[in-house]
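Here the structure comes first, spelled out in structure tokens, and everything after it is commentary.
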Amino acid sequence: MGPQRLPVAQDPVAPRDSGPLTITVDGAQVTGQVGQTVAGLLLGAGHVSWRTSRTGRPRGVFCGIGVCFDCLVTVNDIPDVRACQRRATEGDVVSTEPPTRETPA
Amino acid sequence: MAAAAAALRHGARVTLLEAGYNLGGQYWRHLAHERRGAQEHRLHHGWSTFQRLRDEISGHPDCDVVFGASVWAIDRHDDAPPVVHVMVGAPDGTDREPRSYTPGRLILATGGQERTLPFPGWDLPGVFTAGAAQALAKGERVAVGRRVLVAGAGPFLLPVVSSLIRTGATVVGVAEASGRSRLTRGWLTRPWELASASSKAGELGGYLKDLVRHRVPYWTGQTVVAAHGTDRVHSVTLAALHPDWTRVEGSERVVEVDAVCVSHGFVPRTELAIAAGCQLDEQGFVTTDAGQQTSVPNVYSAGELTGIGGADLALAEGEVAGTTAAGGVPRPLLVGQRKALRNFATRLEAAHGIRPGWQTWPDPGTMLCRCEDVTVGELRDIAAKTRSRGLRSLKLTTRAGLGVCQGRTCGRNVEDLLGPNLLQAGRTSRRPIATPVRLGELAATLTPEREDPLP
Ligand SMILES: Cc1cc2nc3c(=O)[nH]c(=O)nc-3n(C[C@H](O)[C@H](O)[C@H](O)COP(=O)(O)OP(=O)(O)OC[C@H]3O[C@@H](n4cnc5c(N)ncnc54)[C@H](O)[C@@H]3O)c2cc1C
Ligand code: FES
């Protein structure tokens, strides 16, 4: 159960096979297709949440269009990147925790 | 797109700034170029119109399309054109290129976003806006769940169902909050008006066919009043609603799902219009004249910013805006179309607009501001204790609307809950910075590197 990416072979839209793309998320490898956003990759691999709010509630994608900021991740040490807006590139190192908490955003 | 194409046809030079990676906006959101689908039109209506506009714009020698271009501020000048500040590069990156433009004419078409009403559990993972489901289906080929319920109000629920089905999900039902009598009144009075918005009626017919073919139940006068789960949603409670959207006690039933998509309505994204000094009406939409010019000379606006009316109306308004901004006169046929589509939009609001009874759905522990974790109960308590009616001071005390999204998600709900006595209503849409910029990037903009003219 949960979100999933439709396999190319079953897709009525017949997308091109753009080739696999792999990123690491908190050290684990997550693979999707070239051209996907970080959030698309995470959801496509079955993750529904990857962050916690101020009081520890789980958060993933809510608005999907860059408005709600629920989906924030750290990409290659840059904190507060909206996963639904950022396309993944091969080898991106994604962390669900900010690098350090010292500098207030 | 429609505005750019029309302006080009009338001889203007055009710069089109788009924050995303593709043309098409929310309606024609599609796969990345590397993944483009041979049958992508199957997820869309009017796909050939999109292709025509795209080809017209992208191939044009007088048009510069800039992707990854987030407009973050507009400086207003009383007797000179506004200055548009942009960051160009990967979204939320640190090494984006700051640019400033001083266009002779500026057309704002930043669209809208969904307004989601809070109910217990609405912040659980697995609860998505219907727009998110749509964006993920069209742009990623990802279904937000396998057993999905779609709930809210308005015809927008229907294309979401169609996309979910074509992305491999099972849709267990659609709950439309408006009841039958209100829907009938909204849709069936003055049927001749519908005929003149016939492209829209045909589109809706296509979605209805999908509902029938896939046996998706369409429940009217019902909505999701709670989502259940600990770290993700596993079921929802549906309840019947009175005409004012208060829930009918005792009508509840639980449905098992692994995702729910909610869409109660749309609100305009007005940050840039406000920064440019454009006048808004009481509902918060940008006001325009017959040529789509706003209250600020040489600043035009089109689409959801001027009223929620759907993609066809956005196209018509865009074409008028592009034409007049380039010094042309819009075709009478186009002006007629715009009028018919505006009537259609008025109907939608009558049939589906948000009703105040939603305020009975949340309980005191229901999250209101998802960024700062402020509950509905906390807001009500503090408002009562401090007897405060000023939105600013309430924001500062409760922190509702002070989080990273700056009240984009909860702002209207906070205003409604605080009631009609609220001072400074409408203030939650005022944000000095329209899209996030980092301090380092801001520092870099102190010495603008280039100044490009728009048209
Ligand atoms: C998530 C979502 C999904 C939708 N899906 C459908 C659907 O499937 N069917 C349907 O009938 N209607 C749908 N709608 C409604 C439909 O999108 C609108 O009716 C239509 O797109 C309005 O067109 P527009 O040009 O006003 O705005 P949009 O299509 O929203 O276009 C606005 C554009 O401006 C860009 N932008 C915004 N702010 C900035 C900025 N600061 N800097 C640079 N660029 C910026 C955005 O990236 C976007 O491309 C959806 C709406 C949303 C929010
Ligand atoms: S999901 Fe809302 S900003 Fe990414």
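Ordering of the structure tokens sets the chain letters (A, B, ...); residue numbers start at 1 within each chain; ligands are numbered from 1 in the order shown.
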Any idea which chain A residues end up within 8 Å of chain B if we count only C-alpha atoms, as a ChimeraX atom specification please?
/A:1-6,11-18,34-37,40,43-44,48-49,53-55,57-65,67-70,78,80-82,85-87
Can you list, as number ranges by chain, every residue of chain A that DSSP puts in helix (DSSP H, G or I)?
A: 8-10, 38-44
Could you check how far CA of Leu204 in chain B sits from CA of Lys339 in chain B, in Å to one decimal?
19.5 Å
For CA of Gly27 in chain A and CA of Cys71 in chain A, the interatomic separation in Å (one decimal)
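Between CA of Gly27 in chain A and CA of Cys71 in chain A the gap is 18.3 Å.
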Mind running chain B against ligand 1 at 8 Å and telling me each contacting residue's nearest atom pair with the distance in Å (one decimal), counting only C-alpha atoms and all ligand atoms, chain and number ascending, as a tab-separated table?
```
residue	atom	partner	partner_atom_place_in_ligand_line	distance
B:Met1	CA	ligand 1	25 (O)	7.6
B:Leu17	CA	ligand 1	43 (C)	5.6
B:Glu18	CA	ligand 1	44 (N)	4.1
B:Ala19	CA	ligand 1	44 (N)	3.9
B:Gly20	CA	ligand 1	47 (O)	5.0
B:Asn22	CA	ligand 1	49 (O)	7.7
B:Leu23	CA	ligand 1	49 (O)	6.7
B:Gly24	CA	ligand 1	49 (O)	6.4
B:Gly25	CA	ligand 1	49 (O)	3.4
B:Gln26	CA	ligand 1	29 (O)	4.0
B:Tyr27	CA	ligand 1	17 (O)	4.1
B:Trp28	CA	ligand 1	21 (O)	7.4
B:Arg29	CA	ligand 1	5 (N)	7.9
B:His44	CA	ligand 1	8 (O)	7.6
B:Gly68	CA	ligand 1	43 (C)	7.7
B:Ala69	CA	ligand 1	43 (C)	5.5
B:Ser70	CA	ligand 1	42 (N)	3.8
B:Val71	CA	ligand 1	42 (N)	3.8
B:Trp72	CA	ligand 1	41 (N)	5.6
B:Ala73	CA	ligand 1	41 (N)	8.0
B:Val86	CA	ligand 1	42 (N)	7.5
B:Ala109	CA	ligand 1	25 (O)	5.4
B:Thr110	CA	ligand 1	34 (O)	3.8
B:Gly111	CA	ligand 1	27 (O)	3.2
B:Gly112	CA	ligand 1	30 (O)	5.4
B:Gln113	CA	ligand 1	53 (C)	4.1
B:Glu114	CA	ligand 1	53 (C)	5.5
B:Thr129	CA	ligand 1	1 (C)	7.8
B:Ala130	CA	ligand 1	1 (C)	7.2
B:Gly131	CA	ligand 1	1 (C)	3.4
B:Ala132	CA	ligand 1	1 (C)	5.5
B:Ala133	CA	ligand 1	1 (C)	7.9
B:Gln134	CA	ligand 1	3 (C)	5.7
B:Ala135	CA	ligand 1	1 (C)	5.8
B:Pro155	CA	ligand 1	11 (O)	7.8
B:Phe156	CA	ligand 1	10 (C)	5.6
B:Pro159	CA	ligand 1	8 (O)	5.4
B:Val160	CA	ligand 1	8 (O)	6.2
B:Ser163	CA	ligand 1	8 (O)	7.9
B:Phe266	CA	ligand 1	53 (C)	7.3
B:Arg269	CA	ligand 1	38 (N)	7.0
B:Glu271	CA	ligand 1	41 (N)	7.8
B:Leu272	CA	ligand 1	41 (N)	6.8
B:Ala302	CA	ligand 1	26 (O)	6.3
B:Gly303	CA	ligand 1	26 (O)	3.3
B:Glu304	CA	ligand 1	26 (O)	3.9
B:Leu305	CA	ligand 1	26 (O)	6.1
B:Ile308	CA	ligand 1	19 (O)	6.8
B:Gly309	CA	ligand 1	19 (O)	6.0
B:Gly310	CA	ligand 1	19 (O)	3.1
B:Ala311	CA	ligand 1	19 (O)	3.9
B:Asp312	CA	ligand 1	19 (O)	7.4
B:Leu313	CA	ligand 1	19 (O)	7.7
B:Ala314	CA	ligand 1	23 (O)	5.0
B:Leu315	CA	ligand 1	25 (O)	7.1
B:Gly318	CA	ligand 1	25 (O)	7.6
B:Ala434	CA	ligand 1	41 (N)	5.7
B:Thr435	CA	ligand 1	41 (N)	5.7
```
Taking only C-alpha atoms and all ligand atoms into account, which of A:Gly46, A:Gly19, A:Gly32, A:Gly66 comes nearest ligand 2?
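That would be A:Gly66, the residue with the smallest distance to ligand 2.
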What's around Asp77 in chain A at 12 Å? Count only C-alpha atoms, leave out sequence neighbours fewer than 3 positions away in its own chain, and write the answer as JSON, numbers by chain.
{"A": [26, 73, 74, 80, 81, 92, 93, 94, 95, 96, 97, 98, 99, 100], "B": [93, 94]}
Neighbouring residues of Glu249 in chain B were defined as those with any atom within 10 Å, considering only C-alpha atoms; residues of the same chain fewer than 4 positions away were excluded. Please report them as a list in words.
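Skipping anything fewer than 4 positions along the chain leaves Ala239, Ala240, Leu241 and His242 of chain B.
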Store the residues of this selection in a file with N, CA, C and O atoms, as a JSON list (two decimals), in the first residue's frame.
```
[["chain", "number", "residue", "atom", "x", "y", "z"],
["B", 239, "ALA", "N", -18.80, 12.13, 6.39],
["B", 239, "ALA", "CA", -20.06, 12.51, 7.03],
["B", 239, "ALA", "C", -20.90, 13.28, 6.04],
["B", 239, "ALA", "O", -20.37, 13.93, 5.12],
["B", 240, "ALA", "N", -22.22, 13.21, 6.24],
["B", 240, "ALA", "CA", -23.12, 14.02, 5.42],
["B", 240, "ALA", "C", -23.06, 15.45, 5.93],
["B", 240, "ALA", "O", -22.76, 15.70, 7.10],
["B", 241, "LEU", "N", -23.33, 16.41, 5.04],
["B", 241, "LEU", "CA", -23.27, 17.82, 5.39],
["B", 241, "LEU", "C", -24.62, 18.48, 5.15],
["B", 241, "LEU", "O", -25.33, 18.14, 4.20],
["B", 242, "HIS", "N", -24.94, 19.41, 6.04],
["B", 242, "HIS", "CA", -26.09, 20.28, 5.80],
["B", 242, "HIS", "C", -25.70, 21.28, 4.70],
["B", 242, "HIS", "O", -24.52, 21.42, 4.37]]
```
Counting only C-alpha atoms and all ligand atoms, the option among A:Ala45, A:Ala39, A:Asn76, A:Thr52 closest to ligand 2:
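Checking each of A:Ala45, A:Ala39, A:Asn76, A:Thr52 against ligand 2, counting only C-alpha atoms and all ligand atoms, the winner is A:Ala39.
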Non-local contacts of range 441-443 of chain B (10 Å; only C-alpha atoms; under 6 positions in same chain excluded) as a list in words:
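Surrounding residues, per the criterion: Met87, Gly93, Thr94, Asp95, Arg96, Glu97 and Pro98 of chain B.
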Preceding selection exported with N, CA, C and O atoms as a PDB file, in the first residue's frame:
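Result file follows (part25.pdb):
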```pdb
ATOM      1  N   MET B  87      15.499  35.234  -9.324  1.00  0.00           N
ATOM      2  CA  MET B  87      16.623  34.336  -9.102  1.00  0.00           C
ATOM      3  C   MET B  87      16.512  33.224 -10.136  1.00  0.00           C
ATOM      4  O   MET B  87      15.458  32.586 -10.232  1.00  0.00           O
ATOM      5  N   GLY B  93      18.142  26.678  -4.664  1.00  0.00           N
ATOM      6  CA  GLY B  93      19.599  26.488  -4.691  1.00  0.00           C
ATOM      7  C   GLY B  93      20.298  27.655  -4.024  1.00  0.00           C
ATOM      8  O   GLY B  93      19.680  28.647  -3.636  1.00  0.00           O
ATOM      9  N   THR B  94      21.631  27.545  -3.891  1.00  0.00           N
ATOM     10  CA  THR B  94      22.377  28.640  -3.271  1.00  0.00           C
ATOM     11  C   THR B  94      23.157  29.431  -4.309  1.00  0.00           C
ATOM     12  O   THR B  94      23.693  30.490  -4.019  1.00  0.00           O
ATOM     13  N   ASP B  95      23.263  28.882  -5.519  1.00  0.00           N
ATOM     14  CA  ASP B  95      24.115  29.553  -6.505  1.00  0.00           C
ATOM     15  C   ASP B  95      23.294  30.037  -7.692  1.00  0.00           C
ATOM     16  O   ASP B  95      23.705  29.952  -8.833  1.00  0.00           O
ATOM     17  N   ARG B  96      22.106  30.560  -7.382  1.00  0.00           N
ATOM     18  CA  ARG B  96      21.270  31.056  -8.462  1.00  0.00           C
ATOM     19  C   ARG B  96      21.763  32.430  -8.917  1.00  0.00           C
ATOM     20  O   ARG B  96      22.407  33.146  -8.157  1.00  0.00           O
ATOM     21  N   GLU B  97      21.400  32.760 -10.157  1.00  0.00           N
ATOM     22  CA  GLU B  97      21.856  34.033 -10.714  1.00  0.00           C
ATOM     23  C   GLU B  97      20.793  35.097 -10.496  1.00  0.00           C
ATOM     24  O   GLU B  97      19.659  34.948 -10.948  1.00  0.00           O
ATOM     25  N   PRO B  98      21.129  36.187  -9.771  1.00  0.00           N
ATOM     26  CA  PRO B  98      20.124  37.241  -9.595  1.00  0.00           C
ATOM     27  C   PRO B  98      20.005  38.072 -10.872  1.00  0.00           C
ATOM     28  O   PRO B  98      21.004  38.394 -11.516  1.00  0.00           O
TER      29      PRO B  98
END
```
So, counting only C-alpha atoms and all ligand atoms, which residue among A:Val75, A:Ala88, A:Val8, A:Val38 is closest to ligand 2?
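For ligand 2, the nearest of the candidates is A:Val38.
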To one decimal in Å, tell me the separation between CA of Asp62 in chain B and CA of Leu8 in chain B.
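Computing the Euclidean distance for CA of Asp62 in chain B and CA of Leu8 in chain B yields 7.2 Å.
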